[in-house]
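Q: Structure file start39.cif, mmCIF, C-alpha atoms, is pasted below:
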```
data_target
#
loop_
_atom_site.label_atom_id
_atom_site.label_comp_id
_atom_site.auth_asym_id
_atom_site.auth_seq_id
_atom_site.Cartn_x
_atom_site.Cartn_y
_atom_site.Cartn_z
CA MET A 1 33.17 91.30 71.83
CA ASP A 2 36.04 92.84 69.89
CA LYS A 3 33.86 95.79 68.92
CA LYS A 4 32.94 96.34 72.57
CA ASN A 5 36.59 96.20 73.62
CA ASN A 6 37.54 98.64 70.87
CA ALA A 7 34.78 100.98 71.95
CA LYS A 8 35.98 100.86 75.55
CA GLY A 9 39.58 101.40 74.45
CA GLY A 10 38.55 104.35 72.30
CA ALA A 11 36.72 105.94 75.22
CA ALA A 12 39.66 105.34 77.52
CA ARG A 13 42.22 106.99 75.28
CA PRO A 14 40.63 110.50 75.35
CA ALA A 15 40.25 110.20 79.14
CA ASN A 16 43.90 109.19 79.48
CA ARG A 17 44.96 112.11 77.30
CA ARG A 18 42.91 114.48 79.45
CA TRP A 19 44.59 113.25 82.62
CA ALA A 20 47.99 113.45 80.92
CA HIS A 21 47.16 117.03 79.96
CA VAL A 22 46.27 117.83 83.58
CA ALA A 23 49.55 116.28 84.74
CA SER A 24 51.45 118.43 82.23
CA LEU A 25 49.62 121.52 83.46
CA LEU A 26 50.52 120.74 87.07
CA THR A 27 54.15 120.21 86.01
CA ALA A 28 54.22 123.64 84.36
CA PHE A 29 52.69 125.26 87.45
CA CYS A 30 55.24 123.53 89.70
CA ILE A 31 58.00 124.97 87.54
CA LEU A 32 56.53 128.48 87.84
CA PHE A 33 56.03 128.15 91.60
CA SER A 34 59.63 127.03 91.99
CA LEU A 35 60.86 129.99 89.93
CA ALA A 36 58.79 132.38 92.04
CA PHE A 37 60.35 130.97 95.18
CA ALA A 38 63.87 130.89 93.72
CA VAL A 39 63.75 134.52 92.56
CA ASN A 40 61.51 136.24 95.13
CA GLY A 41 61.61 133.82 98.08
CA ARG A 42 57.84 133.63 98.44
CA VAL A 43 54.70 132.14 96.90
CA PHE A 44 51.43 134.13 96.88
CA GLY A 45 53.02 136.54 99.33
CA ASN A 46 54.02 133.83 101.80
CA ALA A 47 57.67 133.38 102.72
CA PRO A 48 59.16 130.75 105.06
CA GLN A 49 60.25 133.49 107.43
CA GLU A 50 59.77 137.20 107.09
CA ALA A 51 62.97 139.13 107.66
CA PRO A 52 62.48 141.52 110.61
CA ALA A 53 62.80 145.21 109.95
CA PRO A 54 66.22 146.45 111.02
CA ALA A 55 66.28 148.26 114.34
CA ASP A 56 67.95 151.31 112.79
CA ASP A 57 65.22 151.74 110.15
CA PRO A 58 62.68 154.09 111.78
CA VAL A 59 59.56 155.11 109.95
CA ALA A 60 60.33 158.80 110.32
CA ARG A 61 63.16 161.11 111.23
CA VAL A 62 63.27 164.86 111.67
CA LEU A 63 66.16 166.70 110.03
CA PRO A 64 67.95 169.62 111.79
CA ASP A 65 66.18 172.12 109.52
CA GLY A 66 62.75 170.78 110.52
CA ALA A 67 62.01 168.66 107.45
CA VAL A 68 60.46 165.25 108.13
CA VAL A 69 61.62 162.18 106.19
CA ILE A 70 59.26 159.19 106.05
CA ASN A 71 60.66 155.78 105.09
CA THR A 72 57.96 153.39 103.83
CA THR A 73 60.03 150.20 104.14
CA THR A 74 57.87 149.06 107.05
CA LEU A 75 54.78 151.14 106.27
CA GLY A 76 54.49 149.54 102.83
CA SER A 77 55.90 146.09 103.59
CA ASP A 78 52.64 144.49 102.39
CA VAL A 79 52.37 146.60 99.21
CA GLN A 80 53.52 144.57 96.24
CA GLY A 81 54.61 145.94 92.88
CA TYR A 82 55.34 143.74 89.89
CA ALA A 83 58.09 141.70 91.53
CA GLY A 84 58.12 142.87 95.14
CA THR A 85 57.90 145.86 97.45
CA VAL A 86 58.87 149.36 96.27
CA PRO A 87 59.78 151.39 99.39
CA LEU A 88 60.11 155.15 99.16
CA GLU A 89 61.74 157.90 101.19
CA VAL A 90 59.47 160.95 101.24
CA THR A 91 60.63 164.33 102.55
CA PHE A 92 58.05 166.83 103.88
CA ARG A 93 58.62 170.47 104.75
CA ASP A 94 55.84 172.65 106.18
CA GLY A 95 53.16 170.30 104.92
CA VAL A 96 54.55 170.16 101.38
CA ILE A 97 56.19 167.19 99.67
CA GLU A 98 59.71 168.37 98.97
CA ASP A 99 61.30 165.20 97.60
CA VAL A 100 60.56 161.54 96.91
CA LYS A 101 63.28 158.94 96.44
CA ALA A 102 62.94 155.31 95.44
CA LEU A 103 64.81 152.93 97.72
CA ASP A 104 66.29 149.60 96.64
CA ASN A 105 63.74 147.27 95.07
CA VAL A 106 63.58 144.20 92.83
CA GLU A 107 61.15 145.54 90.25
CA THR A 108 61.88 144.96 86.57
CA PRO A 109 63.92 148.07 85.64
CA SER A 110 61.93 148.94 82.52
CA PHE A 111 58.57 148.68 84.31
CA PHE A 112 59.76 150.62 87.36
CA GLU A 113 61.36 153.37 85.24
CA ARG A 114 58.17 153.76 83.24
CA ALA A 115 56.08 153.97 86.43
CA TRP A 116 58.50 156.35 88.15
CA ASN A 117 58.78 158.70 85.18
CA GLY A 118 55.00 158.76 84.82
CA LEU A 119 54.38 159.62 88.48
CA LYS A 120 57.27 161.81 89.60
CA LEU A 121 55.46 165.03 88.65
CA VAL A 122 52.43 164.06 90.75
CA TRP A 123 54.08 164.99 94.03
CA SER A 124 56.20 167.93 92.86
CA ASP A 125 55.76 170.71 95.47
CA GLU A 126 52.29 169.40 96.38
CA GLU A 127 50.72 169.79 99.78
CA ALA A 128 50.43 166.53 101.65
CA ALA A 129 46.71 167.01 102.26
CA SER A 130 46.10 167.58 98.55
CA VAL A 131 47.90 164.39 97.53
CA ALA A 132 46.04 162.39 100.19
CA LYS A 133 42.67 163.39 98.71
CA ARG A 134 43.62 163.00 95.06
CA ASP A 135 42.73 159.94 92.98
CA ILE A 136 46.01 159.18 91.21
CA ASP A 137 45.86 157.03 88.10
CA ALA A 138 48.29 154.17 87.56
CA VAL A 139 50.70 154.42 84.63
CA SER A 140 49.69 152.40 81.57
CA GLY A 141 52.18 149.67 80.80
CA ALA A 142 53.52 149.61 84.37
CA THR A 143 50.33 149.20 86.37
CA TYR A 144 51.61 147.09 89.26
CA SER A 145 54.76 149.14 89.84
CA SER A 146 52.91 152.46 89.67
CA GLN A 147 50.15 151.25 92.00
CA ALA A 148 52.76 150.22 94.55
CA ILE A 149 54.53 153.60 94.25
CA ILE A 150 51.22 155.44 94.67
CA GLU A 151 50.20 153.39 97.71
CA ASN A 152 53.61 153.85 99.36
CA LEU A 153 53.34 157.60 98.77
CA ARG A 154 49.85 157.69 100.26
CA ARG A 155 50.96 155.80 103.36
CA ALA A 156 53.86 158.19 103.85
CA VAL A 157 51.51 161.16 103.45
CA ASN A 158 48.96 159.71 105.88
CA TYR A 159 51.66 158.94 108.45
CA TYR A 160 53.03 162.45 108.18
CA MET A 161 49.61 164.04 108.49
CA GLU A 162 48.67 161.91 111.49
CA HIS A 163 51.90 162.23 113.44
CA TYR A 164 53.38 165.55 112.35
CA GLN A 165 50.54 167.75 111.12
CA HIS A 166 48.18 166.46 113.80
CA THR A 167 45.33 166.19 111.31
CA GLU A 168 43.24 163.17 110.46
CA ALA A 169 44.42 161.29 107.39
CA ALA A 170 42.04 161.41 104.52
CA ALA A 171 39.49 158.62 104.65
CA ASN A 172 39.81 155.88 102.10
CA ALA A 173 43.14 157.27 100.90
CA GLY A 174 44.06 154.05 99.15
CA THR A 175 43.69 153.79 95.43
CA SER A 176 42.67 150.84 93.34
CA GLY A 177 44.50 152.09 90.27
CA ILE A 178 41.73 150.69 88.11
CA GLY A 179 41.20 153.09 85.25
CA ALA A 180 40.66 153.16 81.50
CA ALA A 181 43.81 151.14 80.75
CA TRP A 182 42.75 148.38 83.17
CA TRP A 183 39.30 148.18 81.59
CA GLY A 184 40.79 148.18 78.10
CA ALA A 185 43.13 145.30 78.93
CA LEU A 186 40.32 143.41 80.65
CA LEU A 187 37.92 143.68 77.71
CA VAL A 188 40.48 142.73 75.06
CA ALA A 189 41.72 139.81 77.18
CA LEU A 190 38.16 138.55 77.65
CA ALA A 191 37.43 138.91 73.94
CA SER A 192 40.47 136.87 72.96
CA ALA A 193 39.54 134.16 75.45
CA ILE A 194 35.84 133.85 74.61
CA LEU A 195 34.95 135.15 71.15
CA PRO A 196 37.07 132.68 69.11
CA PHE A 197 34.76 129.92 70.37
CA PHE A 198 31.86 131.57 68.54
CA ILE A 199 33.31 133.69 65.72
CA HIS A 200 35.33 132.07 62.95
CA ASN A 201 36.18 134.57 60.24
CA ARG A 202 39.23 136.48 59.06
CA THR A 203 37.79 139.92 59.69
CA TYR A 204 37.31 139.27 63.40
CA ARG A 205 40.72 137.61 63.66
CA PHE A 206 42.39 140.65 62.10
CA ILE A 207 40.54 143.02 64.47
CA GLN A 208 41.51 140.91 67.48
CA LEU A 209 45.17 140.86 66.46
CA VAL A 210 45.19 144.64 66.05
CA LEU A 211 43.57 145.10 69.47
CA ASN A 212 46.12 142.75 71.02
CA VAL A 213 48.99 144.82 69.67
CA GLY A 214 47.45 148.23 70.34
CA VAL A 215 45.71 147.67 73.68
CA LEU A 216 47.48 144.77 75.37
CA GLY A 217 50.86 145.73 73.93
CA PHE A 218 51.51 149.43 73.46
CA TRP A 219 48.74 150.97 75.60
CA THR A 220 48.59 148.82 78.73
CA GLY A 221 51.67 146.56 78.62
CA THR A 222 49.55 143.53 79.57
CA PHE A 223 51.04 140.25 78.40
CA LEU A 224 52.39 136.99 79.73
CA SER A 225 56.10 136.82 80.45
CA TYR A 226 58.25 135.41 83.21
CA THR A 227 58.01 138.79 84.92
CA SER A 228 54.21 138.48 85.03
CA PHE A 229 54.43 134.80 86.02
CA LEU A 230 56.66 135.67 88.99
CA SER A 231 54.41 138.58 89.95
CA VAL A 232 51.28 136.43 89.98
CA PHE A 233 52.83 133.40 91.68
CA SER A 234 54.88 135.41 94.22
CA ASN A 235 52.35 138.00 95.39
CA PRO A 236 48.89 137.93 96.95
CA VAL A 237 46.06 138.02 94.41
CA ARG A 238 44.79 141.56 93.69
CA LEU A 239 41.98 142.95 91.60
CA ALA A 240 44.57 144.83 89.53
CA MET A 241 45.87 141.43 88.38
CA LEU A 242 42.56 140.42 86.79
CA PRO A 243 43.52 141.10 83.13
CA THR A 244 46.74 139.13 83.59
CA MET A 245 44.84 136.33 85.34
CA ILE A 246 42.53 136.10 82.33
CA LEU A 247 45.56 135.74 80.08
CA LEU A 248 46.81 132.95 82.35
CA VAL A 249 43.48 131.17 82.09
CA THR A 250 43.58 131.58 78.31
CA ALA A 251 47.08 130.12 78.16
CA PHE A 252 46.82 127.28 80.67
CA ILE A 253 43.17 126.39 81.35
CA VAL A 254 41.31 126.96 78.07
CA PRO A 255 43.42 124.30 76.25
CA LEU A 256 41.97 121.69 78.63
CA PHE A 257 38.71 122.09 76.72
CA GLY A 258 40.26 121.25 73.38
CA ALA A 259 40.86 124.81 72.20
CA GLY A 260 44.59 124.38 71.65
CA ASN A 261 47.19 127.05 72.35
CA ARG A 262 44.77 129.98 72.30
CA TYR A 263 47.09 132.48 73.96
CA CYS A 264 50.00 132.21 71.55
CA THR A 265 47.81 132.20 68.43
CA TRP A 266 45.03 134.60 69.45
CA THR A 267 46.18 136.82 72.30
CA CYS A 268 49.92 137.44 72.76
CA PRO A 269 50.60 140.99 71.53
CA PHE A 270 54.05 140.19 70.15
CA GLY A 271 52.77 137.04 68.50
CA SER A 272 49.92 139.11 67.06
CA MET A 273 52.37 141.66 65.67
CA GLN A 274 54.33 138.89 63.94
CA MET A 275 51.12 137.38 62.62
CA LEU A 276 49.98 140.72 61.18
CA ALA A 277 53.35 141.12 59.47
CA GLY A 278 53.05 137.62 58.04
CA MET A 279 49.60 138.35 56.63
CA ALA A 280 51.15 140.94 54.33
CA VAL A 281 52.99 138.23 52.37
CA LYS A 282 50.97 135.28 51.12
CA HIS A 283 53.78 133.10 49.80
CA LYS A 284 56.72 132.49 52.13
CA PRO A 285 59.82 130.36 51.59
CA HIS A 286 59.31 126.74 52.60
CA ILE A 287 61.19 125.54 55.68
CA GLY A 288 61.81 121.81 55.76
CA HIS A 289 60.52 119.62 58.56
CA ARG A 290 64.04 118.75 59.75
CA THR A 291 64.97 122.42 59.99
CA VAL A 292 61.81 123.21 61.92
CA MET A 293 62.49 120.37 64.36
CA ALA A 294 66.12 121.43 64.78
CA LEU A 295 65.08 125.01 65.57
CA THR A 296 62.41 123.72 67.95
CA TRP A 297 65.04 121.78 69.87
CA VAL A 298 67.20 124.92 69.96
CA ARG A 299 64.30 126.75 71.61
CA ARG A 300 63.87 123.95 74.17
CA GLY A 301 67.59 123.95 74.89
CA LEU A 302 67.58 127.72 75.37
CA TRP A 303 64.62 127.41 77.74
CA THR A 304 66.39 124.72 79.76
CA VAL A 305 69.51 126.86 80.13
CA LEU A 306 67.45 129.90 81.20
CA MET A 307 65.57 127.85 83.81
CA LEU A 308 68.83 126.49 85.24
CA LEU A 309 70.29 130.00 85.40
CA THR A 310 67.17 131.18 87.24
CA TRP A 311 66.90 128.28 89.68
CA THR A 312 70.55 128.54 90.63
CA GLY A 313 70.47 132.33 90.91
CA VAL A 314 73.35 132.68 88.47
CA PHE A 315 71.50 134.95 86.05
CA SER A 316 67.84 135.48 86.80
CA GLU A 317 68.17 139.04 85.45
CA TRP A 318 67.45 137.76 81.93
CA ILE A 319 63.79 138.03 82.90
CA ASP A 320 64.14 141.83 82.86
CA TYR A 321 65.00 141.73 79.16
CA GLU A 322 62.27 139.59 77.63
CA ILE A 323 61.33 140.77 74.18
CA PHE A 324 57.83 141.79 75.29
CA THR A 325 59.27 144.80 77.12
CA ALA A 326 59.77 146.35 73.67
CA PHE A 327 56.15 147.49 73.94
CA LEU A 328 57.26 149.87 76.71
CA VAL A 329 58.88 152.04 74.07
CA SER A 330 59.66 155.03 76.27
CA SER A 331 61.69 153.10 78.85
CA VAL A 332 63.04 149.97 77.15
CA PRO A 333 66.72 149.79 76.11
CA THR A 334 67.32 150.54 72.44
CA PHE A 335 68.81 147.12 71.74
CA MET A 336 65.49 145.49 72.79
CA LEU A 337 63.63 147.60 70.23
CA ILE A 338 66.15 146.56 67.57
CA ILE A 339 65.79 142.86 68.40
CA ALA A 340 62.00 143.05 68.45
CA GLY A 341 61.98 144.95 65.15
CA ALA A 342 64.26 142.34 63.57
CA PHE A 343 61.86 139.54 64.49
CA VAL A 344 58.90 141.50 63.14
CA LEU A 345 60.73 142.03 59.84
CA LEU A 346 61.65 138.34 59.74
CA SER A 347 57.95 137.55 60.14
CA PHE A 348 57.35 138.75 56.59
CA VAL A 349 59.18 135.66 55.32
CA VAL A 350 58.98 133.19 58.25
CA GLU A 351 55.78 132.53 60.15
CA ARG A 352 56.05 133.85 63.74
CA PRO A 353 59.80 133.15 64.08
CA PHE A 354 60.18 134.29 67.68
CA CYS A 355 57.12 132.38 68.88
CA ARG A 356 58.11 129.14 67.18
CA PHE A 357 61.87 129.05 67.65
CA VAL A 358 62.84 131.25 70.63
CA CYS A 359 60.06 132.25 73.05
CA PRO A 360 60.65 130.95 76.64
CA THR A 361 57.11 131.96 77.62
CA GLY A 362 55.64 129.94 74.78
CA THR A 363 57.77 126.97 75.83
CA ILE A 364 56.29 126.76 79.34
CA ILE A 365 52.81 127.09 77.84
CA ASN A 366 53.59 124.24 75.45
CA ILE A 367 54.84 122.11 78.34
CA SER A 368 51.47 122.56 80.06
CA GLU A 369 49.67 121.24 76.99
CA ILE A 370 51.56 117.99 76.38
CA ASN A 371 48.99 115.19 76.43
CA TYR A 372 51.05 112.41 74.94
#
```
Using structure tokens, write down the structure from this file.
A:
Amino acid sequence: MDKKNNAKGGAARPANRRWAHVASLLTAFCILFSLAFAVNGRVFGNAPQEAPAPADDPVARVLPDGAVVINTTTLGSDVQGYAGTVPLEVTFRDGVIEDVKALDNVETPSFFERAWNGLKLVWSDEEAASVAKRDIDAVSGATYSSQAIIENLRRAVNYYMEHYQHTEAAANAGTSGIGAAWWGALLVALASAILPFFIHNRTYRFIQLVLNVGVLGFWTGTFLSYTSFLSVFSNPVRLAMLPTMILLVTAFIVPLFGAGNRYCTWTCPFGSMQMLAGMAVKHKPHIGHRTVMALTWVRRGLWTVLMLLTWTGVFSEWIDYEIFTAFLVSSVPTFMLIIAGAFVLLSFVVERPFCRFVCPTGTIINISEINY
């Protein structure tokens, strides 16, 4: 009888842990949904009440010298960038794009600057009809922002051609923005999610870490952060999000199958960079258990403060300066590169210091995996 009871108890404990894990995952998702609503006022593109377009915000106006200015605030109200809409003001003269200005938006500054700098030459003195027919590639490392800019530009061009040039807008003028960078991020993300289940050797691990840094980090800027969390949970699902969605599955769903924290240890580009640095030194100074626990509680305390600042709207801008933006070398502030470099150097003597003792993204992932 006792053996039977023990057997039943042993079977019940794994089931209870699984349900506890699911409850933790739901808790983490509730936190992310609440942040998306607190910062952007919507979840999956749905807001309690859409603010009406102001009456004095016409789509187009004609200047005294004959130039036509198209405002895409209403034309592109459904076009989402990384954090929200990215309206433009496009000036046309005699069928040629004379000027393009970005209007107020809530995009992460580093992502938007990278996208804007990569695209601003596309429309320089171009004929509207030429731009409408062209397949414009998104900017690597700022895919969502650049896709939104491109789509807003196309809608302005089409509106101008239809209403002011009296020509039919080019068919299928929209662009998916899915190019080599998207495919690169997709393949590396899939590899990090699937291959570790079947391949267990150092050579593959080293190759995967290098790909994470090179492809997900520097080339495509695809990684999990609170910016990407808010983008996914605030906006409608798009095909362009697929690589990021795979990273989310790796971080939050794969651990349900007993794989542990696969994202932080196998996928995160900044974690991979620290891990590669650590591989260069075999023997590192020992850090006592009490010190590790103290630093862990510091990380949790930091995370709690950041969440409170975000929920209350006091300082949600910290999200714009997460350390992962250091991969966007051409547009990130210098101090972010210095901080990221310091953590990489520290990784030669301390195993993944940022991941273990600071990372807010890693903290929410850890919360989703608590199974008591």
Q: Which residues of range 316-372 of chain A come within 8 Å of range 275-299 of chain A, and for each one, what is the closest pair of atoms and their distance in Å to one decimal, counting all atoms listed in the file, sorted by chain and residue number, as a Markdown table?
A:
```
| residue | atom | partner | partner_atom | distance |
| --- | --- | --- | --- | --- |
| A:Val344 | CA | A:Ala277 | CA | 6.7 |
| A:Leu345 | CA | A:Ala277 | CA | 7.4 |
| A:Ser347 | CA | A:Gly278 | CA | 5.3 |
| A:Phe348 | CA | A:Gly278 | CA | 4.7 |
| A:Val349 | CA | A:Lys284 | CA | 5.1 |
| A:Val350 | CA | A:Lys284 | CA | 6.6 |
| A:Glu351 | CA | A:Gly278 | CA | 6.1 |
| A:Arg352 | CA | A:Met275 | CA | 6.2 |
| A:Arg356 | CA | A:Thr296 | CA | 7.0 |
| A:Phe357 | CA | A:Arg299 | CA | 5.2 |
| A:Val358 | CA | A:Arg299 | CA | 4.8 |
| A:Cys359 | CA | A:Arg299 | CA | 7.1 |
| A:Pro360 | CA | A:Arg299 | CA | 7.5 |
| A:Thr363 | CA | A:Arg299 | CA | 7.8 |
```
Q: Figure out the distance between CA of Ser234 in chain A and CA of Phe257 in chain A, please, to one decimal in Å.
A: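 Between CA of Phe257 in chain A and CA of Ser234 in chain A the gap is 27.3 Å.
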Q: Just so the selection is clear, what residues does the PyMOL selection byres ((chain A and resi 214) around 12) cover here, as a list in words?
A: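 Evaluating the PyMOL selection byres ((chain A and resi 214) around 12) on this file yields Gly141, Ala181, Gly184, Ala185, Val188, Ile207, Gln208, Leu209, Val210, Leu211, Asn212, Val213, Val215, Leu216, Gly217, Phe218, Trp219, Thr220, Gly221, Thr222, Phe223, Thr267, Cys268, Pro269, Phe270, Ser272, Met273, Phe327 and Leu328 of chain A.
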Q: From the set A:Gln147, A:Asn235, A:Ser110, A:Thr244, which residue has the shortest atom-to-atom contact distance to Ala326 in chain A, counting all atoms listed in the file?
A: A:Ser110
Q: Applying 9 Å and only C-alpha atoms, which residues near Thr310 in chain A remain after dropping the ones on its own chain fewer than 5 positions away? List them as a compact mmCIF listing (two decimals) with C-alpha atoms, in the frame of the given file.
A:
```txt
# COMPACT_ATOMS: atom_id res chain seq x y z
CA LEU A 35 60.86 129.99 89.93
CA ALA A 38 63.87 130.89 93.72
CA VAL A 39 63.75 134.52 92.56
CA VAL A 305 69.51 126.86 80.13
CA PHE A 315 71.50 134.95 86.05
CA SER A 316 67.84 135.48 86.80
CA GLU A 317 68.17 139.04 85.45
CA TRP A 318 67.45 137.76 81.93
CA ILE A 319 63.79 138.03 82.90
```
Q: So the first atom is CA of Asn71 in chain A and the second is CA of Leu88 in chain A; what is the distance between them in Å, to one decimal place?
A: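 One can read the CA of Asn71 in chain A to CA of Leu88 in chain A distance as 6.0 Å.
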Q: What gap, in Å, lies between CA of Pro64 in chain A and CA of Asp104 in chain A?
A: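 Computing it gives 25.2 Å between the two atoms.
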Q: Can you give me N, CA and C atoms for range 326-353 of chain A, written as a CSV table (one decimal), in the coordinates of the input?
A:
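Just written: out21.csv:
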```csv
chain,number,residue,atom,x,y,z
A,326,ALA,N,59.6,145.4,74.8
A,326,ALA,CA,59.8,146.4,73.7
A,326,ALA,C,58.5,147.2,73.5
A,327,PHE,N,57.4,146.7,74.0
A,327,PHE,CA,56.2,147.5,73.9
A,327,PHE,C,56.2,148.7,74.8
A,328,LEU,N,57.1,148.7,75.8
A,328,LEU,CA,57.3,149.9,76.7
A,328,LEU,C,58.3,150.8,76.1
A,329,VAL,N,57.9,151.4,75.0
A,329,VAL,CA,58.9,152.0,74.1
A,329,VAL,C,59.7,153.1,74.8
A,330,SER,N,59.0,153.9,75.7
A,330,SER,CA,59.7,155.0,76.3
A,330,SER,C,60.7,154.7,77.3
A,331,SER,N,60.7,153.4,77.8
A,331,SER,CA,61.7,153.1,78.8
A,331,SER,C,62.6,151.9,78.5
A,332,VAL,N,62.3,151.2,77.5
A,332,VAL,CA,63.0,150.0,77.2
A,332,VAL,C,64.4,150.3,76.5
A,333,PRO,N,65.4,149.5,76.8
A,333,PRO,CA,66.7,149.8,76.1
A,333,PRO,C,66.6,149.7,74.6
A,334,THR,N,67.4,150.5,73.9
A,334,THR,CA,67.3,150.5,72.4
A,334,THR,C,67.6,149.2,71.8
A,335,PHE,N,68.5,148.4,72.4
A,335,PHE,CA,68.8,147.1,71.7
A,335,PHE,C,67.6,146.2,71.8
A,336,MET,N,66.7,146.3,72.8
A,336,MET,CA,65.5,145.5,72.8
A,336,MET,C,64.6,145.9,71.6
A,337,LEU,N,64.5,147.2,71.4
A,337,LEU,CA,63.6,147.6,70.2
A,337,LEU,C,64.2,147.1,68.9
A,338,ILE,N,65.5,147.1,68.8
A,338,ILE,CA,66.2,146.6,67.6
A,338,ILE,C,65.9,145.1,67.4
A,339,ILE,N,66.0,144.3,68.5
A,339,ILE,CA,65.8,142.9,68.4
A,339,ILE,C,64.3,142.6,68.1
A,340,ALA,N,63.4,143.3,68.7
A,340,ALA,CA,62.0,143.0,68.4
A,340,ALA,C,61.7,143.4,67.0
A,341,GLY,N,62.2,144.5,66.5
A,341,GLY,CA,62.0,145.0,65.2
A,341,GLY,C,62.5,143.9,64.2
A,342,ALA,N,63.7,143.3,64.5
A,342,ALA,CA,64.3,142.3,63.6
A,342,ALA,C,63.3,141.1,63.4
A,343,PHE,N,62.8,140.7,64.6
A,343,PHE,CA,61.9,139.5,64.5
A,343,PHE,C,60.6,139.9,63.7
A,344,VAL,N,60.1,141.1,63.9
A,344,VAL,CA,58.9,141.5,63.1
A,344,VAL,C,59.2,141.5,61.6
A,345,LEU,N,60.4,142.0,61.3
A,345,LEU,CA,60.7,142.0,59.8
A,345,LEU,C,60.9,140.6,59.3
A,346,LEU,N,61.5,139.7,60.1
A,346,LEU,CA,61.6,138.3,59.7
A,346,LEU,C,60.3,137.6,59.6
A,347,SER,N,59.3,138.1,60.2
A,347,SER,CA,58.0,137.6,60.1
A,347,SER,C,57.3,137.7,58.8
A,348,PHE,N,57.9,138.6,58.0
A,348,PHE,CA,57.4,138.8,56.6
A,348,PHE,C,57.7,137.5,55.7
A,349,VAL,N,58.8,136.8,56.1
A,349,VAL,CA,59.2,135.7,55.3
A,349,VAL,C,59.1,134.3,56.1
A,350,VAL,N,59.1,134.4,57.4
A,350,VAL,CA,59.0,133.2,58.2
A,350,VAL,C,57.8,133.4,59.2
A,351,GLU,N,56.9,132.4,59.3
A,351,GLU,CA,55.8,132.5,60.2
A,351,GLU,C,56.2,132.6,61.6
A,352,ARG,N,55.8,133.6,62.3
A,352,ARG,CA,56.0,133.8,63.7
A,352,ARG,C,57.4,133.3,64.2
A,353,PRO,N,58.5,133.8,63.8
A,353,PRO,CA,59.8,133.2,64.1
A,353,PRO,C,60.1,133.2,65.6
```
